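A.B. asks: So I've got this file, entry-v5.txt, and it contains compact mmCIF, C-alpha atoms and all ligand atoms:
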# COMPACT_ATOMS: atom_id res chain seq x y z
CA MET A 858 50.19 2.26 -2.88
CA PRO A 859 50.55 4.73 -5.76
CA GLU A 860 49.02 3.61 -8.99
CA LEU A 861 48.68 4.30 -12.68
CA ILE A 862 45.22 4.28 -14.27
CA GLY A 863 44.40 4.55 -17.96
CA ILE A 864 41.05 6.28 -18.28
CA GLY A 865 38.71 6.22 -21.24
CA VAL A 866 37.07 9.66 -21.31
CA GLY A 867 34.49 8.79 -23.97
CA PRO A 868 33.90 10.54 -27.28
CA GLY A 869 34.01 14.20 -26.26
CA ASP A 870 30.88 14.96 -24.24
CA PRO A 871 31.87 15.33 -20.55
CA GLU A 872 28.48 13.89 -19.57
CA LEU A 873 29.58 10.61 -21.13
CA LEU A 874 32.33 10.03 -18.56
CA THR A 875 31.76 7.15 -16.14
CA VAL A 876 31.41 7.85 -12.41
CA LYS A 877 34.51 5.73 -11.90
CA ALA A 878 36.49 7.89 -14.32
CA VAL A 879 35.37 11.09 -12.58
CA ASN A 880 36.39 9.70 -9.17
CA ALA A 881 39.79 8.58 -10.44
CA ILE A 882 40.43 12.02 -11.99
CA HIS A 883 39.51 13.72 -8.70
CA ASN A 884 41.86 11.43 -6.76
CA ALA A 885 44.84 11.88 -9.10
CA ASP A 886 48.00 13.78 -8.19
CA VAL A 887 49.12 13.86 -11.81
CA ILE A 888 46.92 13.96 -14.91
CA MET A 889 48.63 12.92 -18.14
CA CYS A 890 47.16 13.16 -21.61
CA PRO A 891 48.28 12.69 -25.21
CA ALA A 892 48.88 15.48 -27.74
CA SER A 893 50.20 15.13 -31.27
CA LYS A 894 52.51 18.19 -31.09
CA GLU A 895 53.77 20.65 -28.48
CA ASP A 896 51.46 23.39 -29.75
CA ARG A 897 48.37 21.21 -30.28
CA PRO A 898 45.65 20.85 -27.64
CA SER A 899 44.96 17.49 -26.05
CA ILE A 900 41.42 16.45 -26.95
CA ALA A 901 41.26 14.00 -24.04
CA LEU A 902 42.21 16.78 -21.62
CA SER A 903 39.63 19.17 -23.06
CA VAL A 904 36.88 16.61 -22.32
CA VAL A 905 37.65 16.68 -18.59
CA SER A 906 38.76 20.29 -18.20
CA SER A 907 35.63 21.25 -16.26
CA LEU A 908 36.44 18.57 -13.66
CA ILE A 909 39.97 19.63 -12.90
CA GLU A 910 40.07 21.71 -9.76
CA LYS A 911 42.74 24.39 -9.93
CA SER A 912 42.71 24.57 -6.11
CA LYS A 913 43.92 20.98 -5.82
CA ASN A 914 47.15 21.75 -7.65
CA GLN A 915 46.99 18.66 -9.78
CA GLU A 916 49.99 18.44 -12.06
CA ILE A 917 49.06 18.21 -15.74
CA ILE A 918 51.55 16.68 -18.17
CA ARG A 919 50.95 16.55 -21.91
CA LEU A 920 52.79 13.68 -23.56
CA ILE A 921 53.68 14.06 -27.22
CA PHE A 922 52.74 11.16 -29.47
CA PRO A 923 53.61 12.16 -33.07
CA MET A 924 51.01 11.37 -35.73
CA THR A 925 53.26 9.23 -37.87
CA LYS A 926 53.40 5.70 -39.26
CA ASP A 927 57.20 5.59 -38.79
CA LYS A 928 57.67 2.67 -36.38
CA GLU A 929 61.01 3.92 -35.03
CA LEU A 930 59.62 7.35 -34.19
CA LEU A 931 56.53 5.81 -32.62
CA GLU A 932 58.49 3.36 -30.50
CA ALA A 933 60.83 6.11 -29.31
CA ALA A 934 57.82 8.20 -28.24
CA TRP A 935 56.21 5.23 -26.47
CA LYS A 936 59.40 4.50 -24.52
CA LYS A 937 59.95 8.15 -23.57
CA ASN A 938 56.35 8.67 -22.45
CA ALA A 939 56.19 5.37 -20.57
CA TYR A 940 59.36 6.41 -18.72
CA ILE A 941 57.83 9.79 -17.75
CA MET A 942 54.68 8.06 -16.54
CA ALA A 943 56.46 5.38 -14.54
CA GLU A 944 58.79 7.91 -12.86
CA LYS A 945 55.82 9.83 -11.44
CA VAL A 946 54.32 6.65 -9.97
CA LEU A 947 57.73 5.69 -8.51
CA GLU A 948 57.79 9.14 -6.83
CA GLY A 949 54.65 8.04 -4.97
CA LYS A 950 52.05 9.85 -7.09
CA ASN A 951 48.68 8.61 -8.26
CA VAL A 952 48.79 9.07 -12.01
CA VAL A 953 45.94 8.96 -14.50
CA TYR A 954 46.36 8.86 -18.26
CA LEU A 955 43.39 10.17 -20.25
CA THR A 956 42.50 8.71 -23.59
CA VAL A 957 39.61 9.39 -25.97
CA GLY A 958 36.87 6.74 -26.11
CA ASP A 959 38.09 3.48 -24.59
CA PRO A 960 41.72 2.74 -23.66
CA TYR A 961 41.73 -0.58 -25.52
CA LEU A 962 40.54 0.54 -28.93
CA TYR A 963 43.26 2.17 -31.06
CA SER A 964 44.65 4.02 -28.07
CA THR A 965 48.18 4.99 -27.05
CA TRP A 966 47.37 3.63 -23.59
CA MET A 967 48.01 0.01 -24.54
CA TYR A 968 51.60 0.77 -25.59
CA MET A 969 52.17 2.57 -22.29
CA HIS A 970 50.65 -0.32 -20.36
CA LYS A 971 52.82 -2.94 -22.09
CA GLU A 972 56.04 -0.97 -21.76
CA ILE A 973 55.54 -0.07 -18.09
CA LYS A 974 54.40 -3.57 -17.14
CA ARG A 975 57.56 -4.98 -18.76
CA ASN A 976 59.88 -2.60 -16.90
CA HIS A 977 57.98 -2.48 -13.59
CA PRO A 978 56.11 -5.76 -13.14
CA ALA A 979 55.11 -4.90 -9.56
CA MET A 980 53.59 -1.50 -10.38
CA LYS A 981 49.84 -1.21 -9.80
CA ILE A 982 48.32 -0.52 -13.21
CA SER A 983 44.65 -0.63 -14.18
CA ALA A 984 42.24 0.84 -16.70
CA ILE A 985 38.75 2.32 -16.63
CA PRO A 986 36.74 1.70 -19.79
CA GLY A 987 35.23 4.56 -21.71
CA ILE A 988 32.32 4.95 -24.08
CA VAL A 989 33.53 4.13 -27.57
CA SER A 990 32.94 6.47 -30.52
CA ILE A 991 31.23 3.63 -32.41
CA PHE A 992 28.46 3.25 -29.85
CA THR A 993 28.08 6.96 -29.27
CA PHE A 994 27.46 7.25 -32.98
CA ALA A 995 25.05 4.29 -33.08
CA SER A 996 22.94 5.94 -30.36
CA LYS A 997 22.91 9.29 -32.11
CA VAL A 998 21.95 7.87 -35.49
CA GLY A 999 19.69 5.11 -34.19
CA ILE A 1000 21.37 2.25 -36.06
CA SER A 1001 22.22 -1.06 -34.45
CA ILE A 1002 25.82 -2.11 -34.94
CA ALA A 1003 24.83 -5.78 -34.90
CA GLU A 1004 21.66 -7.86 -34.62
CA GLY A 1005 21.28 -11.63 -34.36
CA ALA A 1006 23.94 -13.41 -36.40
CA GLU A 1007 25.30 -10.25 -38.07
CA LYS A 1008 29.05 -9.84 -38.32
CA VAL A 1009 30.83 -6.53 -37.78
CA SER A 1010 34.20 -5.37 -39.09
CA ILE A 1011 36.16 -2.47 -37.66
CA ILE A 1012 38.67 -0.99 -40.06
CA PRO A 1013 41.28 1.74 -39.51
CA SER A 1014 41.05 3.61 -42.82
CA CYS A 1015 44.49 5.24 -42.88
CA TYR A 1016 46.33 1.95 -43.45
CA ASP A 1017 46.35 -0.61 -46.26
CA LEU A 1018 42.80 -0.86 -47.63
CA SER A 1019 43.49 -3.73 -50.01
CA THR A 1020 41.41 -6.24 -48.00
CA VAL A 1021 38.31 -4.04 -47.68
CA LYS A 1022 36.50 -5.56 -50.67
CA GLU A 1023 36.97 -9.09 -49.31
CA ILE A 1024 35.92 -8.06 -45.80
CA ALA A 1025 32.84 -6.30 -47.23
CA LYS A 1026 31.64 -9.56 -48.75
CA ASN A 1027 31.64 -11.19 -45.28
CA SER A 1028 30.25 -8.39 -43.09
CA GLU A 1029 26.78 -7.04 -42.50
CA THR A 1030 28.11 -3.92 -40.78
CA MET A 1031 31.39 -2.17 -41.48
CA VAL A 1032 32.75 0.50 -39.20
CA PHE A 1033 35.54 2.74 -40.47
CA LEU A 1034 37.59 4.76 -38.01
CA LYS A 1035 40.89 6.61 -38.13
CA ASP A 1036 40.63 9.30 -40.51
CA GLY A 1037 37.79 10.71 -42.53
CA ARG A 1038 40.28 11.88 -45.15
CA TYR A 1039 40.34 8.29 -46.44
CA PHE A 1040 36.57 7.80 -46.60
CA ASP A 1041 36.30 8.70 -50.30
CA GLN A 1042 38.62 5.78 -51.09
CA VAL A 1043 36.57 3.55 -48.80
CA VAL A 1044 33.35 4.42 -50.66
CA ASP A 1045 34.91 3.48 -54.00
CA LEU A 1046 36.03 0.13 -52.59
CA LEU A 1047 32.61 -0.59 -51.07
CA LYS A 1048 30.88 0.15 -54.36
CA GLU A 1049 33.37 -2.04 -56.26
CA SER A 1050 32.82 -4.86 -53.74
CA GLY A 1051 29.12 -4.99 -54.56
CA PHE A 1052 28.00 -3.76 -51.15
CA PRO A 1053 24.31 -2.99 -51.80
CA ASP A 1054 23.31 0.53 -52.85
CA ASN A 1055 20.46 0.57 -50.34
CA SER A 1056 22.83 0.02 -47.38
CA VAL A 1057 22.67 2.57 -44.58
CA PHE A 1058 25.59 4.96 -44.88
CA ALA A 1059 26.19 7.20 -41.86
CA ILE A 1060 29.05 9.56 -41.17
CA GLY A 1061 29.79 11.33 -37.90
CA GLN A 1062 32.39 14.02 -37.35
CA ASP A 1063 33.58 15.50 -34.03
CA LEU A 1064 30.91 13.63 -32.11
CA GLY A 1065 30.02 15.01 -28.70
CA THR A 1066 31.55 18.42 -29.41
CA GLU A 1067 29.98 21.69 -30.55
CA ASN A 1068 31.33 21.00 -34.07
CA GLU A 1069 29.49 17.70 -34.40
CA ILE A 1070 28.20 16.82 -37.87
CA ILE A 1071 26.09 13.75 -38.66
CA ARG A 1072 24.88 12.62 -42.09
CA LYS A 1073 22.75 9.59 -42.86
CA LEU A 1074 21.96 8.43 -46.39
CA THR A 1075 22.33 5.27 -48.44
CA LEU A 1076 25.51 4.05 -50.09
CA GLY A 1077 23.89 4.57 -53.49
CA GLU A 1078 23.19 8.24 -52.69
CA VAL A 1079 26.85 9.00 -52.02
CA THR A 1080 28.33 10.93 -54.91
CA ASP A 1081 31.95 11.87 -55.54
CA GLY A 1082 33.52 14.53 -53.40
CA THR A 1083 34.98 15.00 -49.98
CA LEU A 1084 32.71 13.47 -47.38
CA THR A 1085 34.71 14.69 -44.42
CA THR A 1086 38.19 16.06 -44.03
CA LYS A 1087 38.49 15.39 -40.34
CA TYR A 1088 40.57 12.79 -38.51
CA PHE A 1089 37.82 12.56 -35.86
CA SER A 1090 35.28 10.96 -38.17
CA ILE A 1091 33.47 7.67 -38.18
CA LEU A 1092 31.69 5.88 -41.00
CA VAL A 1093 29.19 3.06 -40.52
CA VAL A 1094 27.87 1.15 -43.51
CA LYS A 1095 25.22 -1.47 -42.88
CA ARG A 1096 23.26 -3.85 -45.10
CA VAL A 1097 19.49 -3.56 -44.65
C1 LIG A 1101 43.00 6.73 -32.25
S1 LIG A 1101 41.32 6.28 -32.54
C2 LIG A 1101 40.72 6.28 -30.90
C3 LIG A 1101 39.47 5.46 -30.73
C4 LIG A 1101 38.95 5.57 -29.31
N1 LIG A 1101 39.86 4.95 -28.38
C5 LIG A 1101 37.54 4.99 -29.14
O1 LIG A 1101 37.36 4.14 -28.26
O2 LIG A 1101 36.61 5.46 -29.83
C6 LIG A 1101 40.69 7.77 -33.16
C7 LIG A 1101 39.53 7.51 -34.08
O3 LIG A 1101 38.37 7.22 -33.32
C8 LIG A 1101 37.25 7.82 -33.91
N2 LIG A 1101 36.72 8.82 -32.96
C9 LIG A 1101 37.04 8.90 -31.66
N3 LIG A 1101 36.35 9.89 -31.07
C10 LIG A 1101 35.55 10.44 -32.03
C11 LIG A 1101 34.62 11.52 -32.05
N4 LIG A 1101 34.36 12.22 -30.97
N5 LIG A 1101 33.99 11.79 -33.22
C12 LIG A 1101 34.23 11.07 -34.34
N6 LIG A 1101 35.12 10.07 -34.37
C13 LIG A 1101 35.77 9.75 -33.25
C14 LIG A 1101 37.73 8.47 -35.21
O4 LIG A 1101 37.56 7.52 -36.23
C15 LIG A 1101 39.19 8.71 -34.93
O5 LIG A 1101 39.95 8.77 -36.13
Could you write out this structure as structure tokens?
C.D. replies:
Amino acid sequence: MPELIGIGVGPGDPELLTVKAVNAIHNADVIMCPASKEDRPSIALSVVSSLIEKSKNQEIIRLIFPMTKDKELLEAAWKKNAYIMAEKVLEGKNVVYLTVGDPYLYSTWMYMHKEIKRNHPAMKISAIPGIVSIFTFASKVGISIAEGAEKVSIIPSCYDLSTVKEIAKNSETMVFLKDGRYFDQVVDLLKESGFPDNSVFAIGQDLGTENEIIRKLTLGEVTDGTLTTKYFSILVVKRV
């Protein structure tokens, strides 16, 4: 029976793919991946490019998911892409959809899954987890995300940050994803919240790629200025 599989390809290093993900990619007739624009590369596809065998004639389809907060535009893209995906499975093809990190953390996969499940309840759909950017970063920097009774918050920085100060008061570790361009604002809020100056402050950019940058200091050592300008950035702040 043809099936659709959402695959987490991890943070960027092809060696951080699971064996299950590699097998599913090899067995696929069609490989789909997200891109933000027609002329932009798909990061998820670039992670697995060395695995794709030209000789097998696997069809590769880039699906455009615009980087916008406009709900109407987003929903239109989800519907269109879910339709393209489902049609290929209905043609009898094994389809995989590649997504950075894990498919169930801020990924386009979950919208595809919901939409296709609603329209085709009998379709075989599954997911293969991937290594999440947060834990890749923790391993690289050598900081634990949580110990004992510690509480962790995960915050997407490009949305409303008005609750950050309150959350900071109730978290030992705070992880900020989705867009390093907002990290300067986050630092101001953390300082205003009274998060201790001696807290570990670690930033990672383009993890697992040749452009990777990692910085580790304390919150008190952070001075004004642009910390990172990259969307693919992660910030972990942890009380000591
Ligand atoms: C749309 S979310 C996808 C998260 C992904 N599904 C995961 O499990 O890590 C994109 C955000 O994840 C983080 N991210 C994912 N991969 C990263 C990488 N290789 N380096 C730095 N940050 C990364 C960044 O915060 C980025 O803005």
A.B. asks: Excluding Lys877 of chain A and residues on its chain fewer than 5 positions from it, collect all residues at most 10 Å away from it, counting all atoms listed in the file, and give them as a list in words.
C.D. replies: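 Listed by chain and then number, they are Ile864, Ile882, His883, Ile985, Pro986 and Gly987 of chain A.
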A.B. asks: Taking C-alpha atoms for each residue, export the selection above as a short mmCIF file (atom, residue, chain, number, x, y, z; two decimals), in the frame of the given file.
C.D. replies:
data_model
loop_
_atom_site.label_atom_id
_atom_site.label_comp_id
_atom_site.auth_asym_id
_atom_site.auth_seq_id
_atom_site.Cartn_x
_atom_site.Cartn_y
_atom_site.Cartn_z
CA ILE A 864 41.05 6.28 -18.28
CA ILE A 882 40.43 12.02 -11.99
CA HIS A 883 39.51 13.72 -8.70
CA ILE A 985 38.75 2.32 -16.63
CA PRO A 986 36.74 1.70 -19.79
CA GLY A 987 35.23 4.56 -21.71
#
A.B. asks: Calculated over all atoms listed in the file, which of the candidates A:Met942, A:Glu929, A:Met967, A:Lys911 has the smallest distance to Cys890 of chain A?
C.D. replies: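 Nearest to Cys890 of chain A: A:Met942.
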A.B. asks: Between A:Leu874, A:Ile973, A:Leu947, A:Val953, which has the minimum distance to Asp886 of chain A (counting only C-alpha atoms)?
C.D. replies: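 Closest candidate: A:Val953.
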A.B. asks: Which residues are near ligand LIG 1101 (chain A) in this structure, taking near to mean any atom at most 10 Å from a ligand atom and counting all atoms listed in the file? Format them as a ChimeraX atom specification.
C.D. replies: /A:865-870,900-901,924,956-966,986-994,1012-1015,1032-1038,1060-1066,1068-1071,1087-1092
A.B. asks: With distances taken over only C-alpha atoms, which of A:Leu930, A:Ala892, A:Arg897, A:Ala979 is nearest to Ala943 of chain A?
C.D. replies: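 Of A:Leu930, A:Ala892, A:Arg897, A:Ala979, the one nearest Ala943 of chain A, counting only C-alpha atoms, is A:Ala979.
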A.B. asks: Given only C-alpha atoms as the basis, pick out the residue of A:Val1097, A:Val1079, A:Met858, A:Ile917 nearest to Pro1053 of chain A.
C.D. replies: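 Using only C-alpha atoms, the shortest distance to Pro1053 of chain A belongs to A:Val1097.
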A.B. asks: For the point (26.9, -0.8, -40.3) in file coordinates, what residues are within 10 Å, counting all atoms listed in the file? Give the answer as a PyMOL selection string?
C.D. replies: chain A and resi 995+1000-1003+1007-1011+1028-1033+1056-1059+1092-1097
A.B. asks: Residues of the last selection are to be written out with C-alpha atoms, as a PDB file, in the frame of the given file.
C.D. replies:
ATOM      1  CA  ALA A 995      25.050   4.290 -33.080  1.00  0.00           C
ATOM      2  CA  ILE A1000      21.370   2.250 -36.060  1.00  0.00           C
ATOM      3  CA  SER A1001      22.220  -1.060 -34.450  1.00  0.00           C
ATOM      4  CA  ILE A1002      25.820  -2.110 -34.940  1.00  0.00           C
ATOM      5  CA  ALA A1003      24.830  -5.780 -34.900  1.00  0.00           C
ATOM      6  CA  GLU A1007      25.300 -10.250 -38.070  1.00  0.00           C
ATOM      7  CA  LYS A1008      29.050  -9.840 -38.320  1.00  0.00           C
ATOM      8  CA  VAL A1009      30.830  -6.530 -37.780  1.00  0.00           C
ATOM      9  CA  SER A1010      34.200  -5.370 -39.090  1.00  0.00           C
ATOM     10  CA  ILE A1011      36.160  -2.470 -37.660  1.00  0.00           C
ATOM     11  CA  SER A1028      30.250  -8.390 -43.090  1.00  0.00           C
ATOM     12  CA  GLU A1029      26.780  -7.040 -42.500  1.00  0.00           C
ATOM     13  CA  THR A1030      28.110  -3.920 -40.780  1.00  0.00           C
ATOM     14  CA  MET A1031      31.390  -2.170 -41.480  1.00  0.00           C
ATOM     15  CA  VAL A1032      32.750   0.500 -39.200  1.00  0.00           C
ATOM     16  CA  PHE A1033      35.540   2.740 -40.470  1.00  0.00           C
ATOM     17  CA  SER A1056      22.830   0.020 -47.380  1.00  0.00           C
ATOM     18  CA  VAL A1057      22.670   2.570 -44.580  1.00  0.00           C
ATOM     19  CA  PHE A1058      25.590   4.960 -44.880  1.00  0.00           C
ATOM     20  CA  ALA A1059      26.190   7.200 -41.860  1.00  0.00           C
ATOM     21  CA  LEU A1092      31.690   5.880 -41.000  1.00  0.00           C
ATOM     22  CA  VAL A1093      29.190   3.060 -40.520  1.00  0.00           C
ATOM     23  CA  VAL A1094      27.870   1.150 -43.510  1.00  0.00           C
ATOM     24  CA  LYS A1095      25.220  -1.470 -42.880  1.00  0.00           C
ATOM     25  CA  ARG A1096      23.260  -3.850 -45.100  1.00  0.00           C
ATOM     26  CA  VAL A1097      19.490  -3.560 -44.650  1.00  0.00           C
TER      27      VAL A1097
END
A.B. asks: So which residues touch Asn938 of chain A within 9 Å, counting all atoms listed in the file, skipping near sequence neighbours fewer than 3 positions away, as a PyMOL selection string?
C.D. replies: chain A and resi 920-922+933-935+941-943+969
A.B. asks: Rounded to one decimal, what separation in Å do you get between atom CA of Gly863 of chain A and atom CA of Asp927 of chain A?
C.D. replies: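 These two atoms are separated by 24.5 Å.
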A.B. asks: Counting all atoms listed in the file, figure out which residue out of A:Gly1077, A:Pro871, A:Pro891, A:Pro978 gets nearest to Asn1055 of chain A.
C.D. replies: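 Closest residue, counting all atoms listed in the file: A:Gly1077.
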